[in-house]
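Take a look at the structure set out below.
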Amino acid sequence: MKKLILITGATGYVGGLLVKEIISKCHHYEVRCLARRPEYLKDKVPQEVSIFKGDILDPLSLSSALEGVHTAFYLVHSMGAMGSFEELDRAGAINFAQAASEAGVKRIIYLGGLGEGDNLSSHLKSRQEVGQILSSFGVQIIEFRASIIIGAGSLSFELVRALIEKIPLMLTPRWVFNLAQPIYVMDVIEYLLLSIELETNENEVFEIGGADAVSYGGIMQEYAKQRNLKRIMIPVPFLTPYLSSLWLGLITPIYARVGRKLIEGVRNSTVVVDNKALETFDIKPKGIEESIKLALKYEEKKFSKTYWADAVSSCGCTDDVCLNVKVGNRLIDFQKVKTNLSADKAFKPIQRIGGIHGWYYANFLWHIRGFIDLCVGGAGLRRGRRDPELIAVGDTIDWWRVEKYEPNKLLRLFSEMKIPGNGWLEFEVKEKETFTEISQSAIFYPSGLFGLLYWYALYPIHWFIFRGMIKNIKKAAEKDL
């Protein structure tokens, strides 16, 4: 009989990766997820994963999800919430631990925060308090305390690179010299996986970190080095973590609420003082240079819209979305509309895009941009299409090249025009229960400061063109009926 594993926080970064790793590597486990909104998780996990609707702040919703569970992963926190996240985390931990005890759960595995001393920040103090609460209801707990997690999509990592990508000259506060022990995200996942079968009957606390102890400034400099960006940091003693957190909200607003709480906590060094994890598990954590290199390489190799679409959905947007956001290194203009057509009919105008059919909105602007590109040695619009109806990966469509194509589902185009960075245009059609969703994404990976200026200078034109484009694609599909 398969051992039943429950994962909370599967919509989050670490939880999402953990689900995929368990399914791909551990076929002797049955996986169950707890989610407040199961519909958000349904398309992100393999079909064999069962999803239970529940909320750690609602004790009555937990019992059915925990029934028959052997091991539960507790990977949730409330830092993104308004008000006191400490009180919410405390209540959630009590509810979950009590429900787990009543359901006969054998083990809870928890990922918390690394830090020592009596002067811990509210963030780190809360993370460690949650571990203590989970262990006080009779269920065995294995707690991992981690420093900064390095990975494309990790909040701490995204904060570092948002600063480095945007600001050539930084006035840095004293906290950038505090030491951390950043750990690569897949090393964290490996610790979590191995802890399922760890032979112990005691409550355990493991401190985990990477191979290098490095300052926060050192992490930023290593990132800048690998991105070939020259960044100057000038220490300013009077910039406290609190003032830095307010400034952060202006520079990286999409992360502001959670990021401020993290920054306020950097007065604490987060380095491993107890090497029990290295002695217990057969894992050799990577150093900072390799961790950042792998994070950047993974992001390029596994270019997936789910990464940034999660951030878009977190903005609370629903129908007819028109957003211009920055997530990681990429800038995205994201649009979506609904139609009552089937997926194949909704995809038909997308199938024909470019060439003699044009781009469905403001074609004169497309021609002007194509002429400018031609003048500077680019492809312009002269290449057209190989066939007005058929598409294959590798085809050219005006100044775009087909990078990915799934009939009636997805078309991703890579820009071959002369621009200061890399650009994609992606269309996706999803057939839901009562409607079909057409989404359109213009994605730009800027090259340095000039790339950022290029994107934002064209923002008004982007808004005008892409907004009209998605609407006319819908109209064209419905006109074909």
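Every chain in the structure tokens takes a letter, A first, then B, and so on in the order presented; its residues are numbered from 1, and the ligands are numbered from 1 following the presented order.
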
Write out as a CSV table (one decimal) with N, CA, C and O atoms, in the first residue's frame each polymer residue whose atoms come within 7 Å of range 49-53 of chain A, counting only C-alpha atoms; drop sequence neighbours fewer than 2 positions from it.
chain,number,residue,atom,x,y,z
A,31,VAL,N,0.1,11.2,-3.5
A,31,VAL,CA,0.2,12.6,-3.1
A,31,VAL,C,-1.1,13.3,-3.1
A,31,VAL,O,-1.9,13.1,-4.0
A,32,ARG,N,-1.3,14.1,-2.1
A,32,ARG,CA,-2.6,14.8,-1.9
A,32,ARG,C,-2.2,16.3,-1.6
A,32,ARG,O,-1.2,16.5,-0.8
A,33,CYS,N,-2.9,17.2,-2.1
A,33,CYS,CA,-2.6,18.6,-1.8
A,33,CYS,C,-3.8,19.3,-1.1
A,33,CYS,O,-4.9,19.0,-1.4
A,34,LEU,N,-3.5,20.3,-0.3
A,34,LEU,CA,-4.5,21.1,0.4
A,34,LEU,C,-4.4,22.5,-0.2
A,34,LEU,O,-3.4,23.1,-0.3
A,35,ALA,N,-5.6,23.0,-0.7
A,35,ALA,CA,-5.6,24.3,-1.3
A,35,ALA,C,-6.8,25.1,-1.0
A,35,ALA,O,-7.9,24.5,-1.0
A,36,ARG,N,-6.7,26.3,-0.7
A,36,ARG,CA,-7.9,27.2,-0.5
A,36,ARG,C,-8.8,27.3,-1.8
A,36,ARG,O,-10.0,27.3,-1.7
A,37,ARG,N,-8.1,27.3,-2.9
A,37,ARG,CA,-8.8,27.4,-4.2
A,37,ARG,C,-8.3,26.3,-5.1
A,37,ARG,O,-7.3,26.5,-5.9
A,38,PRO,N,-8.9,25.1,-5.0
A,38,PRO,CA,-8.4,24.0,-5.8
A,38,PRO,C,-8.4,24.3,-7.3
A,38,PRO,O,-7.5,23.7,-8.0
A,45,VAL,N,-0.7,20.6,-11.3
A,45,VAL,CA,-0.2,19.4,-10.8
A,45,VAL,C,-0.6,18.2,-11.7
A,45,VAL,O,-1.5,18.3,-12.4
A,46,PRO,N,0.2,17.1,-11.6
A,46,PRO,CA,-0.1,16.0,-12.4
A,46,PRO,C,-1.5,15.4,-12.1
A,46,PRO,O,-2.0,15.6,-10.9
A,47,GLN,N,-2.1,14.7,-13.0
A,47,GLN,CA,-3.5,14.2,-12.8
A,47,GLN,C,-3.6,13.3,-11.6
A,47,GLN,O,-4.7,13.2,-11.0
A,65,ALA,N,-9.0,16.2,4.6
A,65,ALA,CA,-7.7,16.2,3.8
A,65,ALA,C,-6.7,15.4,4.6
A,65,ALA,O,-5.8,14.8,3.9

Counting only C-alpha atoms, what is within 10 Å of range 5-14 of chain A, bar same-chain residues fewer than 6 positions away, as a PyMOL selection string?
chain A and resi 20+22+29-38+40-42+44-45+49-52+54-56+65-77+105+107-109+111+149+151-155+185-186+188-189+196+307+310

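Minimum atom-to-atom distance to Phe450 in chain A, evaluated using only C-alpha atoms, belongs to A:Lys166 out of A:Arg383, A:Lys471, A:Lys166, A:Lys106.
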
Among range 63-159 of chain A, which ones does DSSP assign to helix (DSSP H, G or I) (computed from the backbone)? Answer as a VMD selection string.
chain A and resid 63 to 66 85 to 103 122 to 134 155 to 159

Excluding range 400-416 of chain A and its own-chain neighbours fewer than 2 positions away, which residues fall within 7 Å of it when counting only C-alpha atoms? Please give them as a list of chain:residue names.
A:Ala343, A:Asp344, A:Phe347, A:Ala379, A:Ala392, A:Val393, A:Gly394, A:Asp395, A:Thr396, A:Ile397, A:Asp398, A:Lys418, A:Asn422, A:Gly423, A:Trp424, A:Leu425, A:Glu426, A:Phe427, A:Glu428, A:Val429, A:Lys430

I'd like the neighbourhood of Ala97 in chain A as a PyMOL selection string, where a residue qualifies if any of its atoms comes within 12 Å (using only C-alpha atoms), though same-chain residues fewer than 4 positions away should be ignored.
chain A and resi 56-57+59+62-63+66+72-74+90-93+101-110+130-141

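Residues in contact with Asn363 in chain A at 10 Å, where only C-alpha atoms are counted and same-chain residues fewer than 5 positions away are skipped, are listed as A:Gly354, A:His357, A:Gly358, A:Ile368, A:Arg369, A:Ile465, A:Met469.
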
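Among A:Glu48, A:Glu39, A:Ile438, A:Asp480, the residue with the shortest atom-to-atom distance to Val19 in chain A, counting only C-alpha atoms, is A:Glu48.
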
Could you list, with a cut-off of 7 Å and counting only C-alpha atoms, the residues of range 135-185 of chain A near range 112-128 of chain A, each shown with its nearest atom pair and the distance in Å rounded to one decimal, rows sorted by chain and ascending number, as a Markdown table?
| residue | atom | partner | partner_atom | distance |
| --- | --- | --- | --- | --- |
| A:Glu143 | CA | A:Gly112 | CA | 6.9 |
| A:Phe144 | CA | A:Gly112 | CA | 5.8 |
| A:Arg145 | CA | A:Gly113 | CA | 4.5 |
| A:Ala146 | CA | A:Leu114 | CA | 4.9 |
| A:Ser147 | CA | A:Leu114 | CA | 5.3 |

Which polymer residues have any atom within 10 Å of an atom of Lys475 in chain A, counting only C-alpha atoms, with same-chain residues fewer than 6 positions away left out, as a VMD selection string?
chain A and resid 339 346 349 360 469

Store the residues picked out above, limited to N, CA and C atoms, as a PDB file, in the first residue's frame.
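That gives us out.pdb:
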ATOM      1  N   THR A 339     -14.509  33.562 -24.552  1.00  0.00           N
ATOM      2  CA  THR A 339     -15.435  33.384 -25.657  1.00  0.00           C
ATOM      3  C   THR A 339     -16.200  32.085 -25.451  1.00  0.00           C
ATOM      4  N   ALA A 346     -11.564  29.142 -31.679  1.00  0.00           N
ATOM      5  CA  ALA A 346     -10.924  30.311 -31.073  1.00  0.00           C
ATOM      6  C   ALA A 346      -9.478  30.457 -31.530  1.00  0.00           C
ATOM      7  N   PRO A 349      -7.897  32.291 -35.828  1.00  0.00           N
ATOM      8  CA  PRO A 349      -7.204  33.527 -36.205  1.00  0.00           C
ATOM      9  C   PRO A 349      -5.726  33.531 -35.804  1.00  0.00           C
ATOM     10  N   TYR A 360      -4.001  41.917 -36.895  1.00  0.00           N
ATOM     11  CA  TYR A 360      -5.346  42.126 -36.352  1.00  0.00           C
ATOM     12  C   TYR A 360      -5.606  43.500 -35.747  1.00  0.00           C
ATOM     13  N   MET A 469      -5.390  44.094 -30.176  1.00  0.00           N
ATOM     14  CA  MET A 469      -5.068  42.851 -30.876  1.00  0.00           C
ATOM     15  C   MET A 469      -5.860  41.671 -30.327  1.00  0.00           C
TER      16      MET A 469
END

Go through A:Met220, A:Val214, A:Leu278, A:Leu18 and flag the residue nearest Glu165 in chain A, using only C-alpha atoms for the distances.
A:Met220

Interatomic distance, CA of Ala99 in chain A to CA of Cys26 in chain A (Å, one decimal):
26.0 Å
